[in-house]
There are 2 protein chains.
Amino acid sequence: MYRTHTCGELRLSDAGKDVILAGWVQRTRDLGGMTFIDLRDRYGITQLVFDMNTNAELCEKARKIGREFVVQVKGKVRERSSKNLKIPTGDIEIIAEEIDVLSSSELPPFTIENETDGGEELRMKFRYLDLRRPCLRENIILRHRMAQEVRRYFDSHGFLEIETPMLIKSTPEGARDFIVPSRLHPGTFYALPQSPQTFKQLLMVAGFDKYFQIVRCFRDEDLRADRQPEFTQIDCEMAFVEQDDILKTFEGLAKHLFREIKGIVLEDDFPRITWDEAMSLYGTDKPDIRFDMKITEITMLVKGKGFTVFDNAGYAGAIVAEGCSEYSRKQIDELVEFVRRPQIGASGIFTVKYNTDGTIKSSVDKYYSTEELAKWVRAVNAMPGSLILIIAGEREKSLSALSELRLKLAGDMGLRKAETFSPLWVVDFPLFEWDDETQRFYARHHPFTSPKPEDIDLMETDPAKVRANAYDLVINGIEIGGGSIRIHDSSVQKLMFKVLGFTEEEASSQFGFLINAFRYGAPPHGGIAFGFDRWVALFAGEDSIREVIAFPKNNAGRDIMIDTPSPVSKTQLSELMIDIRKP
Amino acid sequence: MYRTHTCGELRLSDAGKDVILAGWVQRTRDLGGMTFIDLRDRYGITQLVFDMNTNAELCEKARKIGREFVVQVKGKVRERSSKNLKIPTGDIEIIAEEIDVLSSSELPPFTIENETDGGEELRMKFRYLDLRRPCLRENIILRHRMAQEVRRYFDSHGFLEIETPMLIKSTPEGARDFIVPSRLHPGTFYALPQSPQTFKQLLMVAGFDKYFQIVRCFRDEDLRADRQPEFTQIDCEMAFVEQDDILKTFEGLAKHLFREIKGIVLEDDFPRITWDEAMSLYGTDKPDIRFDMKITEITMLVKGKGFTVFDNAGYAGAIVAEGCSEYSRKQIDELVEFVRRPQIGASGIFTVKYNTDGTIKSSVDKYYSTEELAKWVRAVNAMPGSLILIIAGEREKSLSALSELRLKLAGDMGLRKAETFSPLWVVDFPLFEWDDETQRFYARHHPFTSPKPEDIDLMETDPAKVRANAYDLVINGIEIGGGSIRIHDSSVQKLMFKVLGFTEEEASSQFGFLINAFRYGAPPHGGIAFGFDRWVALFAGEDSIREVIAFPKNNAGRDIMIDTPSPVSKTQLSELMIDIRKP
C-alpha cells in the first residue's frame, strides 16, 4: 500500500494520526533549520515538514528532492502554527519520519502552475506535464462528471446507450471522411464516422425507441481555429416523437447538467425562436441572448432623403448600445475598424447619439433632420443616453456585421457574463442551402432531415423556401447541439435525394441500406447531437475545446506529443496494397 | 404525442382507460368476427381487438395490416376473458377505436422471433430486422445495463473516465494496426489504437491516479472465428498501487456486475493461482474451474515398465472422469477421435477404468500389473466408478490436449453449467514469449509490463524464466481481462527494450514520448483491460460476441448491411496522395 490518505484529505481532526502520503513535489522551501515540501496529487496539496534539529539526516535527504519528484512519505499529522486558509488541508502539516523517492524528475520544461511560462506548442509536446496543472486537471474532472451526468439522465429516462461501428462506409455527401484501407479486401476502404447518423436511424427502425451514445466522430476538414479531426458527440435519437417531445427531453438534459454540474436551476422553458427571427433580430442563427440589443431593421425609414449610401442599400439595421451616448470619437473609430476587418467586411458604421439630455446627434446629420432622426430613435426604442449604431448594405452581410458588432459591443460593455447562461432553441431552419460553386442545393443539416409537411410542395418548385423540422440548442451564442425530425417515408426520402441531385443509383449505392430499412416499418423518429467538447468548454469557461480534451491535436491536425501522423513501414503499405504518390 | 403508454406497460388496474399505443405488428389473427393484432415495441406486446359487429369498417382496416407494419392505435383497456399468463400485459387487451398505419412493411425476409428461419448471412444483411428479435434486443439492453453499472462502480470509487485519442501513431510491435492516411500531411498516417495503453500510462504520469474508459479498439488481424476488427474494452489504470490493490479493485467491479446484473452475490475472494500452476493443473492459462477434474502428472509412475510409448514420453498426465467407468468403447473412441483432430493433435488416449466394484481395467493392462495400476488410481485420487484418461508425449502439447479433453468431457457430463460462474485470477505470467520464426523474444503482454523484482537479474541471462507482475481474470474458462503492473523506472524500461531487440533509436522513435514522460516523475502504476464484448456475451449466455454487438462485422471483416469496406472515389485517393497497387 503506497498511501493511507490522499494529499487533499487530511484535516485538523486527523491531528496525531500516523499517515503515509504519496505524490509529486510541488515546491520545496529550505529555511535552514526547517525544510518544507508541498506534496501534490490529484486531490490537493499537503505540507510536509523536515526538522534539522530532530532528524538531520532525513532533512538532508529532503533537501535534495526537486520539483516534480514522486515521493512517498511517512509521518504524523500535526496542527500548523501558521495556517493556510487558501487550501482545505491548510490547518495541518505532516512531520515527516521517512521519505522515499519513488521516481525522480528532471527540471520540467515549464512551471506546473495555472499561470505557466510554457507556450502552447511546448505544453502540447509535454501534455502529460501540462495536465498536471490544476486548471487543466479540473477541466478533465469536469468532463468526467458531465459525461456521468449525461448518462445518468439518459439512463433514468429509459434511453439505451448503444455502440455503433467506427469502421463504416465512405459517403461523398457532407464533409470529407477519413478512410482506412482494408488489408483483407485490397483496394477497398472503411471510413471513420462523421456521426452515427444512419446507424441511429437504423436503431429506430430496429425498435430501440430511445438511443444515446457519447461517441467519437471524425472529420477530415481543412484547418480552422479550434477544430479537431476527432471530436466527441452526445448523440441521441427517439422514435414515436414529435419535435416538441424532443425539445422537452433534451431541454431536460440541459437543465439536469446545469443543476448537477453548475448548481444553476433553470426553471423556465427555454425560449424558442425561428431561424428567420434569429437572422433578422440577431443577424445570426446562434444568438447570444444573455443581453438584449436586438437588431431593428430601419431600411424604409432611412431611404429617400438623398443620402445615397442608404438609398442604394438593400438593407439598413440598427442596434442600440444603452448608456454609450458618450462614446468618444476614438471608441467609435475602433468599432468602425472592427467591422471593416476582412472577416466582417462592412464598409462602416453610422451613429446616432441620443444623449441623456434628450438631444440627438448623428454622423448623418447632414442628410436627416432632427425630427427624422427622432423617428429612428423611436423605431429602435432607444432610451436617452444610448448610442445607436447603423450598418447598411446588402441584407445578409449587413446583418452578419451587425451580429458581430453586437457581440463586440456587449463584450466591451461587460454584458457577456461568464457565469450567466442563456439557452435558446432556434427552430425551423431552412432545409436546403444553395452552393454557388457547384450550382446545386445541399442539405443544410443532412439528407435525412424532414421538411415541414406544409412545405413539401415547395421542394421541387422553390427549395430555398422549404423549412425543415430542424432545431439547434444555443447557449450564450454557442451552438451546443442540433437535430431534426427525420424523414421516415420512402417517397419523401426519394424526393429529397432528387432535389439534392442524386440519381437513383447514387442514392441506392450510398444509402441503399437505409432506404431498404424504411421498407420494413420505420417509426416516426428524430434526434439531436450535442458537441460534447464544446459543452464542456462552455461549462469550464474555456474558449478552446483543446483545453477540455486530454490529448488534443494541434491546429494542423498533429499530435506533437506522440509525433503523428507519421510515416509507416513499406511492409505495411505492401500488405495494404497501396502506394504513396510522388508529389 | 404518438402514445400514452408503451406496449409493455398496461395492467389489469388500467382497465377502462383510454390509451394510445404505437408499435410494430407482431402478428394478426383474423377470426371472422374478430381480428386480433399483437402490437410490439421494445417494452412488450399488447393485444388489440377489432370487432366486426361493433365497427366493421375499422375491422376491415385492421385486416389489411401486415406483419411489421408500424401502427398507432387509440382504444380502451379492458380485461381479457382468456388471459395470457406468459406476458405481463396478458391480463388486458385494447378495444381499438382508431388505427393508423404510420409506416407499412414489406414481408420481412425472415421471421422476427427468437427461433428465426433466417440464416446468419441474411440476418446480418438485415441487421435492423434481426435486432427486433427479442433475444438480440435483450442482449443490447443487457449491454447498456452493464456499461452503466461499470461506470457507476468506477465513478463511486473515484475513477475518472478520460477519453484518449483514436488517431494515434502506428507501432510495429504487437498486432497489425489499421492506418489512416493523412490528407494534410501527405505520405503520413495515423493509426487506430489497439488499446489506449500508452495514453493511460501517460495519464498516470499526469497525476490522474484512477482512470477508466469504455473504449473502442482496433486490430487488423487475420480471420479467426469470433474476432471483430473493432471491439470494446473496459480499460483501467491506477497509480500508487501494488498488484494486490489492483486485483481487489477489479474483483470489486466483477462482484458489482454479478450482483447488479445477474443477481449473484459472490462473497468469497476469487481464487488466485499462478500461471505455472494453471498450466500444470489445467493445461491452459484460462482454466474453467466450475468443475474440478484437475490434471495429475504421472510421468515418473508410468515409466520403466517396458511400454515404449510412455517410456519415450517427456510427460504423461491424467484426468479423472467421475462416474464414467462404464463409458462404452464407442464413447471412448469418440474422445480419442476428438483429441486426434488436427487442432489438438494428440496421438491417443490411454484409459484406466476404476470400476464401482473396485476392479481396475486398463487399455495398457499388458504392460502394467493391477498393483501398478492401483498406484496410478491412488496418485490421481480417483473414486470407484471413475474413468481415468491419460495422454502422454511432449509436455506442452499433452497438457494442452488434456485441457481440451477436460473441457469436452465436462461438457458431456453436464458440468459446465450456464448459470454457474467461477471467476479466477491467474497471476505471475511469464514476461516473454519466444518466437521460433523470428528467433527472438516478444513481450507476452506488452513492452511496459514489469518483471517481478526478484526476476530482474534473469532478464539478460534467462529471459524465458522471468515472471511478470501480470494477471488475467478468467471466468468459466473465458479470459475476461488481463493486465499488469507497469515499468515506471527508465532503466528497467531500457533493459526491457534491449531484451526485445530494440535499438535505442527504435525504442526512442516508437515510444520516445513515454520514455521521456518517465523522466519527469512517473508514479508506480498498473492496470487492466477487460474485453467488454466477451463479458456481455458471457452474461448473455452467448457463444459469439456478434450476438451482443449491435452492428458487427462478419468473419471476413465486412459489414454486409452497409456493404463495406468498399471502393472510394478517385478524388479521395488523389487528395490523400495514395494509389491502389495493381494486383
# chains A, B, ... in the order shown; residues from 1 in each chain; ligands from 1
>>> residues_around(residues="Phe448 of chain A", least_positions_apart="2", cutoff="10 Å", atoms="only C-alpha atoms", output="list in words")
Gln197, Thr198, Gln201, Ala443, His445, His446, Ser450, Pro451, Ser484, Ile485, Arg486, Ile487, His488, Val492, Gln493, Met496, Phe497, Leu514 and Gly526 of chain A
>>> select_by_dssp(residues="segment 90-333 of chain B", states="strand (DSSP E)", output="PyMOL selection string")
chain B and resi 92-103+160-161+179-181+189-191+210-218+230-239+272-274+296-297+315-321
>>> residues_around(residues="Arg290 of chain B", least_positions_apart="3", cutoff="8 Å", atoms="only C-alpha atoms", output="number ranges by chain")
B: 415-417, 420-422, 476
>>> atom_distance(atom1="atom CA of Arg27 of chain A", atom2="atom CA of Gly66 of chain A")
7.6 Å
>>> atom_distance(atom1="atom CA of Ala62 of chain A", atom2="atom CA of Arg11 of chain A")
23.5 Å
>>> residues_around(residues="Ala464 of chain A", least_positions_apart="4", cutoff="9 Å", atoms="only C-alpha atoms", output="list in words")
Pro430, Leu431, Phe432, Glu433, Trp434, Phe441, Leu458 and Met459 of chain A
>>> atom_distance(atom1="atom CA of Glu93 of chain B", atom2="atom CA of Gln47 of chain B")
4.9 Å
>>> residues_around(residues="segment 79-87 of chain B", least_positions_apart="5", cutoff="12 Å", atoms="only C-alpha atoms", output="tab-separated table (two decimals) with all heavy atoms, in the first residue's frame")
chain	number	residue	atom	x	y	z
B	7	CYS	N	-46.07	-0.69	-25.10
B	7	CYS	CA	-46.77	-1.97	-25.26
B	7	CYS	C	-46.44	-2.97	-24.15
B	7	CYS	O	-46.90	-4.12	-24.19
B	7	CYS	CB	-46.43	-2.59	-26.62
B	7	CYS	SG	-47.00	-1.60	-28.01
B	8	GLY	N	-45.65	-2.55	-23.18
B	8	GLY	CA	-45.32	-3.48	-22.10
B	8	GLY	C	-45.85	-3.02	-20.76
B	8	GLY	O	-45.49	-3.56	-19.72
B	9	GLU	N	-46.71	-2.03	-20.78
B	9	GLU	CA	-46.96	-1.27	-19.56
B	9	GLU	C	-48.32	-1.51	-18.93
B	9	GLU	O	-48.47	-1.40	-17.71
B	9	GLU	CB	-46.84	0.22	-19.97
B	9	GLU	CG	-46.65	1.17	-18.85
B	9	GLU	CD	-46.41	2.59	-19.37
B	9	GLU	OE1	-46.22	2.76	-20.61
B	9	GLU	OE2	-46.44	3.51	-18.55
B	10	LEU	N	-49.32	-1.81	-19.74
B	10	LEU	CA	-50.69	-1.81	-19.21
B	10	LEU	C	-51.01	-3.08	-18.42
B	10	LEU	O	-50.61	-4.19	-18.79
B	10	LEU	CB	-51.69	-1.62	-20.36
B	10	LEU	CG	-51.59	-0.24	-21.03
B	10	LEU	CD1	-52.36	-0.22	-22.34
B	10	LEU	CD2	-52.08	0.86	-20.08
B	11	ARG	N	-51.74	-2.89	-17.30
B	11	ARG	CA	-52.10	-3.99	-16.42
B	11	ARG	C	-53.61	-3.95	-16.16
B	11	ARG	O	-54.29	-3.02	-16.59
B	11	ARG	CB	-51.35	-3.84	-15.07
B	11	ARG	CG	-49.84	-3.89	-15.18
B	11	ARG	CD	-49.32	-5.31	-15.45
B	11	ARG	NE	-47.86	-5.33	-15.53
B	11	ARG	CZ	-47.13	-5.05	-16.62
B	11	ARG	NH1	-47.74	-4.70	-17.74
B	11	ARG	NH2	-45.82	-5.13	-16.60
B	12	LEU	N	-54.06	-4.93	-15.41
B	12	LEU	CA	-55.48	-5.00	-15.10
B	12	LEU	C	-55.98	-3.71	-14.45
B	12	LEU	O	-57.10	-3.25	-14.72
B	12	LEU	CB	-55.72	-6.20	-14.16
B	12	LEU	CG	-57.15	-6.74	-14.10
B	12	LEU	CD1	-57.73	-6.97	-15.49
B	12	LEU	CD2	-57.18	-8.04	-13.30
B	13	SER	N	-55.13	-3.11	-13.63
B	13	SER	CA	-55.54	-1.88	-12.93
B	13	SER	C	-55.76	-0.73	-13.91
B	13	SER	O	-56.29	0.31	-13.53
B	13	SER	CB	-54.47	-1.50	-11.91
B	13	SER	OG	-53.22	-1.37	-12.56
B	14	ASP	N	-55.33	-0.87	-15.15
B	14	ASP	CA	-55.55	0.18	-16.14
B	14	ASP	C	-56.87	0.01	-16.89
B	14	ASP	O	-57.21	0.82	-17.76
B	14	ASP	CB	-54.39	0.20	-17.16
B	14	ASP	CG	-53.07	0.54	-16.51
B	14	ASP	OD1	-52.99	1.61	-15.88
B	14	ASP	OD2	-52.12	-0.25	-16.62
B	15	ALA	N	-57.60	-1.06	-16.59
B	15	ALA	CA	-58.84	-1.35	-17.32
B	15	ALA	C	-59.76	-0.14	-17.29
B	15	ALA	O	-59.90	0.54	-16.27
B	15	ALA	CB	-59.53	-2.57	-16.72
B	16	GLY	N	-60.34	0.15	-18.45
B	16	GLY	CA	-61.23	1.30	-18.54
B	16	GLY	C	-60.57	2.56	-19.06
B	16	GLY	O	-61.25	3.50	-19.49
B	17	LYS	N	-59.23	2.57	-19.07
B	17	LYS	CA	-58.52	3.77	-19.52
B	17	LYS	C	-58.54	3.92	-21.03
B	17	LYS	O	-58.47	2.92	-21.75
B	17	LYS	CB	-57.05	3.70	-19.08
B	17	LYS	CG	-56.81	4.17	-17.67
B	17	LYS	CD	-55.32	4.24	-17.36
B	17	LYS	CE	-55.11	4.44	-15.87
B	17	LYS	NZ	-53.76	4.09	-15.45
B	38	ASP	N	-51.29	-8.45	-32.31
B	38	ASP	CA	-50.31	-8.32	-31.24
B	38	ASP	C	-49.39	-7.17	-31.61
B	38	ASP	O	-48.67	-7.24	-32.62
B	38	ASP	CB	-49.49	-9.61	-31.10
B	38	ASP	CG	-50.28	-10.69	-30.38
B	38	ASP	OD1	-51.36	-10.37	-29.82
B	38	ASP	OD2	-49.82	-11.85	-30.38
B	40	ARG	N	-46.22	-4.79	-30.84
B	40	ARG	CA	-44.94	-4.99	-30.16
B	40	ARG	C	-44.13	-3.70	-30.15
B	40	ARG	O	-44.09	-2.95	-31.12
B	40	ARG	CB	-44.15	-6.06	-30.90
B	40	ARG	CG	-42.80	-6.44	-30.25
B	40	ARG	CD	-41.92	-7.19	-31.23
B	40	ARG	NE	-41.43	-6.29	-32.25
B	40	ARG	CZ	-41.45	-6.53	-33.55
B	40	ARG	NH1	-41.94	-7.65	-34.01
B	40	ARG	NH2	-40.97	-5.65	-34.40
B	43	TYR	N	-40.77	-2.70	-25.23
B	43	TYR	CA	-41.14	-2.96	-23.84
B	43	TYR	C	-42.04	-4.17	-23.68
B	43	TYR	O	-42.21	-4.66	-22.58
B	43	TYR	CB	-41.81	-1.71	-23.26
B	43	TYR	CG	-40.99	-0.47	-23.49
B	43	TYR	CD1	-41.21	0.33	-24.62
B	43	TYR	CD2	-39.96	-0.11	-22.63
B	43	TYR	CE1	-40.44	1.46	-24.86
B	43	TYR	CE2	-39.19	1.01	-22.86
B	43	TYR	CZ	-39.43	1.79	-23.99
B	43	TYR	OH	-38.65	2.89	-24.22
B	44	GLY	N	-42.64	-4.63	-24.77
B	44	GLY	CA	-43.52	-5.78	-24.63
B	44	GLY	C	-44.51	-5.89	-25.77
B	44	GLY	O	-44.33	-5.30	-26.84
B	45	ILE	N	-45.55	-6.66	-25.51
B	45	ILE	CA	-46.56	-6.93	-26.52
B	45	ILE	C	-47.94	-6.69	-25.90
B	45	ILE	O	-48.18	-7.11	-24.77
B	45	ILE	CB	-46.44	-8.38	-27.03
B	45	ILE	CG1	-45.25	-8.49	-28.00
B	45	ILE	CG2	-47.73	-8.86	-27.70
B	45	ILE	CD1	-45.11	-9.83	-28.67
B	46	THR	N	-48.81	-6.00	-26.62
B	46	THR	CA	-50.18	-5.80	-26.14
B	46	THR	C	-51.15	-6.24	-27.23
B	46	THR	O	-50.92	-5.99	-28.42
B	46	THR	CB	-50.41	-4.31	-25.79
B	46	THR	OG1	-49.51	-3.95	-24.74
B	46	THR	CG2	-51.85	-4.09	-25.30
B	47	GLN	N	-52.21	-6.91	-26.80
B	47	GLN	CA	-53.20	-7.41	-27.77
B	47	GLN	C	-54.24	-6.33	-28.09
B	47	GLN	O	-54.80	-5.72	-27.19
B	47	GLN	CB	-53.88	-8.65	-27.20
B	47	GLN	CG	-54.99	-9.19	-28.09
B	47	GLN	CD	-55.44	-10.57	-27.66
B	47	GLN	OE1	-54.73	-11.56	-27.82
B	47	GLN	NE2	-56.64	-10.64	-27.11
B	48	LEU	N	-54.46	-6.12	-29.39
B	48	LEU	CA	-55.51	-5.20	-29.84
B	48	LEU	C	-56.67	-6.03	-30.38
B	48	LEU	O	-56.45	-7.07	-31.00
B	48	LEU	CB	-54.98	-4.31	-30.97
B	48	LEU	CG	-53.59	-3.68	-30.80
B	48	LEU	CD1	-53.24	-2.88	-32.05
B	48	LEU	CD2	-53.55	-2.80	-29.55
B	49	VAL	N	-57.87	-5.55	-30.15
B	49	VAL	CA	-59.05	-6.28	-30.61
B	49	VAL	C	-59.89	-5.40	-31.52
B	49	VAL	O	-60.13	-4.22	-31.21
B	49	VAL	CB	-59.94	-6.72	-29.43
B	49	VAL	CG1	-61.02	-7.68	-29.92
B	49	VAL	CG2	-59.11	-7.35	-28.35
B	92	ILE	N	-54.87	-8.00	-20.04
B	92	ILE	CA	-55.70	-6.97	-20.68
B	92	ILE	C	-55.60	-7.04	-22.19
B	92	ILE	O	-54.75	-7.74	-22.76
B	92	ILE	CB	-55.31	-5.56	-20.21
B	92	ILE	CG1	-53.82	-5.28	-20.49
B	92	ILE	CG2	-55.59	-5.38	-18.72
B	92	ILE	CD1	-53.54	-4.56	-21.74
B	93	GLU	N	-56.50	-6.31	-22.83
B	93	GLU	CA	-56.40	-6.09	-24.28
B	93	GLU	C	-56.95	-4.69	-24.55
B	93	GLU	O	-57.53	-4.06	-23.67
B	93	GLU	CB	-57.20	-7.17	-25.03
B	93	GLU	CG	-58.68	-7.19	-24.69
B	93	GLU	CD	-59.38	-8.46	-25.21
B	93	GLU	OE1	-58.70	-9.31	-25.80
B	93	GLU	OE2	-60.60	-8.58	-25.00
B	94	ILE	N	-56.75	-4.22	-25.76
B	94	ILE	CA	-57.23	-2.89	-26.12
B	94	ILE	C	-58.36	-3.04	-27.13
B	94	ILE	O	-58.16	-3.64	-28.20
B	94	ILE	CB	-56.11	-2.04	-26.78
B	94	ILE	CG1	-54.82	-2.06	-25.95
B	94	ILE	CG2	-56.59	-0.59	-27.02
B	94	ILE	CD1	-54.90	-1.40	-24.62
B	95	ILE	N	-59.53	-2.51	-26.79
B	95	ILE	CA	-60.60	-2.45	-27.77
B	95	ILE	C	-60.30	-1.25	-28.65
B	95	ILE	O	-60.38	-0.11	-28.20
B	95	ILE	CB	-61.97	-2.23	-27.09
B	95	ILE	CG1	-62.17	-3.24	-25.97
B	95	ILE	CG2	-63.09	-2.30	-28.12
B	95	ILE	CD1	-62.13	-4.66	-26.46
>>> residues_around(residues="Ser544 of chain B", least_positions_apart="3", cutoff="7 Å", atoms="only C-alpha atoms", output="ChimeraX atom specification")
/B:226,537,547
>>> residues_around(residues="Thr35 of chain A", least_positions_apart="3", cutoff="10 Å", atoms="only C-alpha atoms", output="PyMOL selection string")
chain A and resi 28-32+48-52+59-60+62-63
>>> write_last_selection(atoms="N, CA and C atoms", output="short mmCIF file (atom, residue, chain, number, x, y, z; two decimals), in the first residue's frame")
data_model
loop_
_atom_site.label_atom_id
_atom_site.label_comp_id
_atom_site.auth_asym_id
_atom_site.auth_seq_id
_atom_site.Cartn_x
_atom_site.Cartn_y
_atom_site.Cartn_z
N THR A 28 9.65 23.06 -2.79
CA THR A 28 10.36 22.85 -1.53
C THR A 28 10.88 24.21 -1.07
N ARG A 29 10.88 24.40 0.25
CA ARG A 29 11.46 25.62 0.82
C ARG A 29 12.43 25.21 1.92
N ASP A 30 13.65 25.62 1.75
CA ASP A 30 14.69 25.28 2.72
C ASP A 30 14.95 26.50 3.57
N LEU A 31 14.50 26.47 4.82
CA LEU A 31 14.68 27.63 5.69
C LEU A 31 15.83 27.41 6.67
N GLY A 32 16.80 26.60 6.28
CA GLY A 32 17.93 26.34 7.17
C GLY A 32 17.58 25.26 8.17
N LEU A 48 4.62 19.05 4.00
CA LEU A 48 5.47 18.15 4.77
C LEU A 48 6.54 18.99 5.46
N VAL A 49 6.91 18.60 6.68
CA VAL A 49 7.93 19.35 7.42
C VAL A 49 9.08 18.43 7.80
N PHE A 50 10.29 18.92 7.56
CA PHE A 50 11.51 18.20 7.95
C PHE A 50 12.30 19.12 8.85
N ASP A 51 12.72 18.61 10.01
CA ASP A 51 13.35 19.46 11.03
C ASP A 51 14.81 19.05 11.22
N MET A 52 15.73 19.98 10.98
CA MET A 52 17.17 19.75 11.12
C MET A 52 17.52 19.30 12.54
N CYS A 59 16.30 15.35 6.95
CA CYS A 59 16.17 16.71 6.44
C CYS A 59 17.13 16.92 5.26
N GLU A 60 18.35 16.38 5.40
CA GLU A 60 19.31 16.47 4.30
C GLU A 60 18.76 15.77 3.06
N ALA A 62 15.65 15.29 2.30
CA ALA A 62 14.55 16.08 1.75
C ALA A 62 15.05 17.25 0.94
N ARG A 63 16.18 17.83 1.39
CA ARG A 63 16.73 19.00 0.69
C ARG A 63 17.15 18.66 -0.73
#
>>> closest_residue(among="A:Gly118, A:Gly358, A:Pro165, A:Pro134", to="chain B", atoms="only C-alpha atoms")
A:Pro165
>>> closest_residue(among="B:Ile20, B:Leu142, B:Leu129, B:Met166", to="Glu97 of chain B", atoms="only C-alpha atoms")
B:Ile20
>>> decode(residues="segment 256-267 of chain A", atoms="N, CA, C and O atoms", output="mmCIF file, in the first residue's frame")
data_model
loop_
_atom_site.group_PDB
_atom_site.id
_atom_site.type_symbol
_atom_site.label_atom_id
_atom_site.label_comp_id
_atom_site.auth_asym_id
_atom_site.auth_seq_id
_atom_site.Cartn_x
_atom_site.Cartn_y
_atom_site.Cartn_z
ATOM 1 N N HIS A 256 -30.719 19.410 -16.358
ATOM 2 C CA HIS A 256 -30.077 18.465 -15.442
ATOM 3 C C HIS A 256 -28.587 18.801 -15.282
ATOM 4 O O HIS A 256 -28.067 18.861 -14.162
ATOM 5 N N LEU A 257 -27.926 19.045 -16.404
ATOM 6 C CA LEU A 257 -26.496 19.353 -16.341
ATOM 7 C C LEU A 257 -26.254 20.689 -15.630
ATOM 8 O O LEU A 257 -25.327 20.810 -14.824
ATOM 9 N N PHE A 258 -27.075 21.674 -15.951
ATOM 10 C CA PHE A 258 -26.913 22.957 -15.273
ATOM 11 C C PHE A 258 -27.055 22.791 -13.758
ATOM 12 O O PHE A 258 -26.274 23.338 -12.988
ATOM 13 N N ARG A 259 -28.036 22.001 -13.360
ATOM 14 C CA ARG A 259 -28.286 21.841 -11.932
ATOM 15 C C ARG A 259 -27.177 21.024 -11.267
ATOM 16 O O ARG A 259 -26.601 21.440 -10.260
ATOM 17 N N GLU A 260 -26.845 19.868 -11.850
ATOM 18 C CA GLU A 260 -25.904 18.964 -11.192
ATOM 19 C C GLU A 260 -24.470 19.449 -11.276
ATOM 20 O O GLU A 260 -23.680 19.206 -10.369
ATOM 21 N N ILE A 261 -24.126 20.100 -12.370
ATOM 22 C CA ILE A 261 -22.728 20.463 -12.581
ATOM 23 C C ILE A 261 -22.456 21.907 -12.172
ATOM 24 O O ILE A 261 -21.462 22.200 -11.507
ATOM 25 N N LYS A 262 -23.341 22.816 -12.556
ATOM 26 C CA LYS A 262 -23.090 24.233 -12.283
ATOM 27 C C LYS A 262 -23.890 24.736 -11.093
ATOM 28 O O LYS A 262 -23.720 25.891 -10.682
ATOM 29 N N GLY A 263 -24.780 23.920 -10.552
ATOM 30 C CA GLY A 263 -25.612 24.371 -9.442
ATOM 31 C C GLY A 263 -26.591 25.468 -9.836
ATOM 32 O O GLY A 263 -27.025 26.259 -9.004
ATOM 33 N N ILE A 264 -26.933 25.513 -11.110
ATOM 34 C CA ILE A 264 -27.849 26.544 -11.603
ATOM 35 C C ILE A 264 -29.196 25.898 -11.924
ATOM 36 O O ILE A 264 -29.266 24.963 -12.726
ATOM 37 N N VAL A 265 -30.250 26.385 -11.272
ATOM 38 C CA VAL A 265 -31.577 25.840 -11.534
ATOM 39 C C VAL A 265 -32.281 26.730 -12.554
ATOM 40 O O VAL A 265 -32.533 27.905 -12.304
ATOM 41 N N LEU A 266 -32.531 26.177 -13.725
ATOM 42 C CA LEU A 266 -33.240 26.922 -14.778
ATOM 43 C C LEU A 266 -34.698 26.473 -14.739
ATOM 44 O O LEU A 266 -35.021 25.359 -15.151
ATOM 45 N N GLU A 267 -35.555 27.328 -14.208
ATOM 46 C CA GLU A 267 -36.957 26.933 -14.015
ATOM 47 C C GLU A 267 -37.739 27.034 -15.319
ATOM 48 O O GLU A 267 -38.515 26.159 -15.674
#
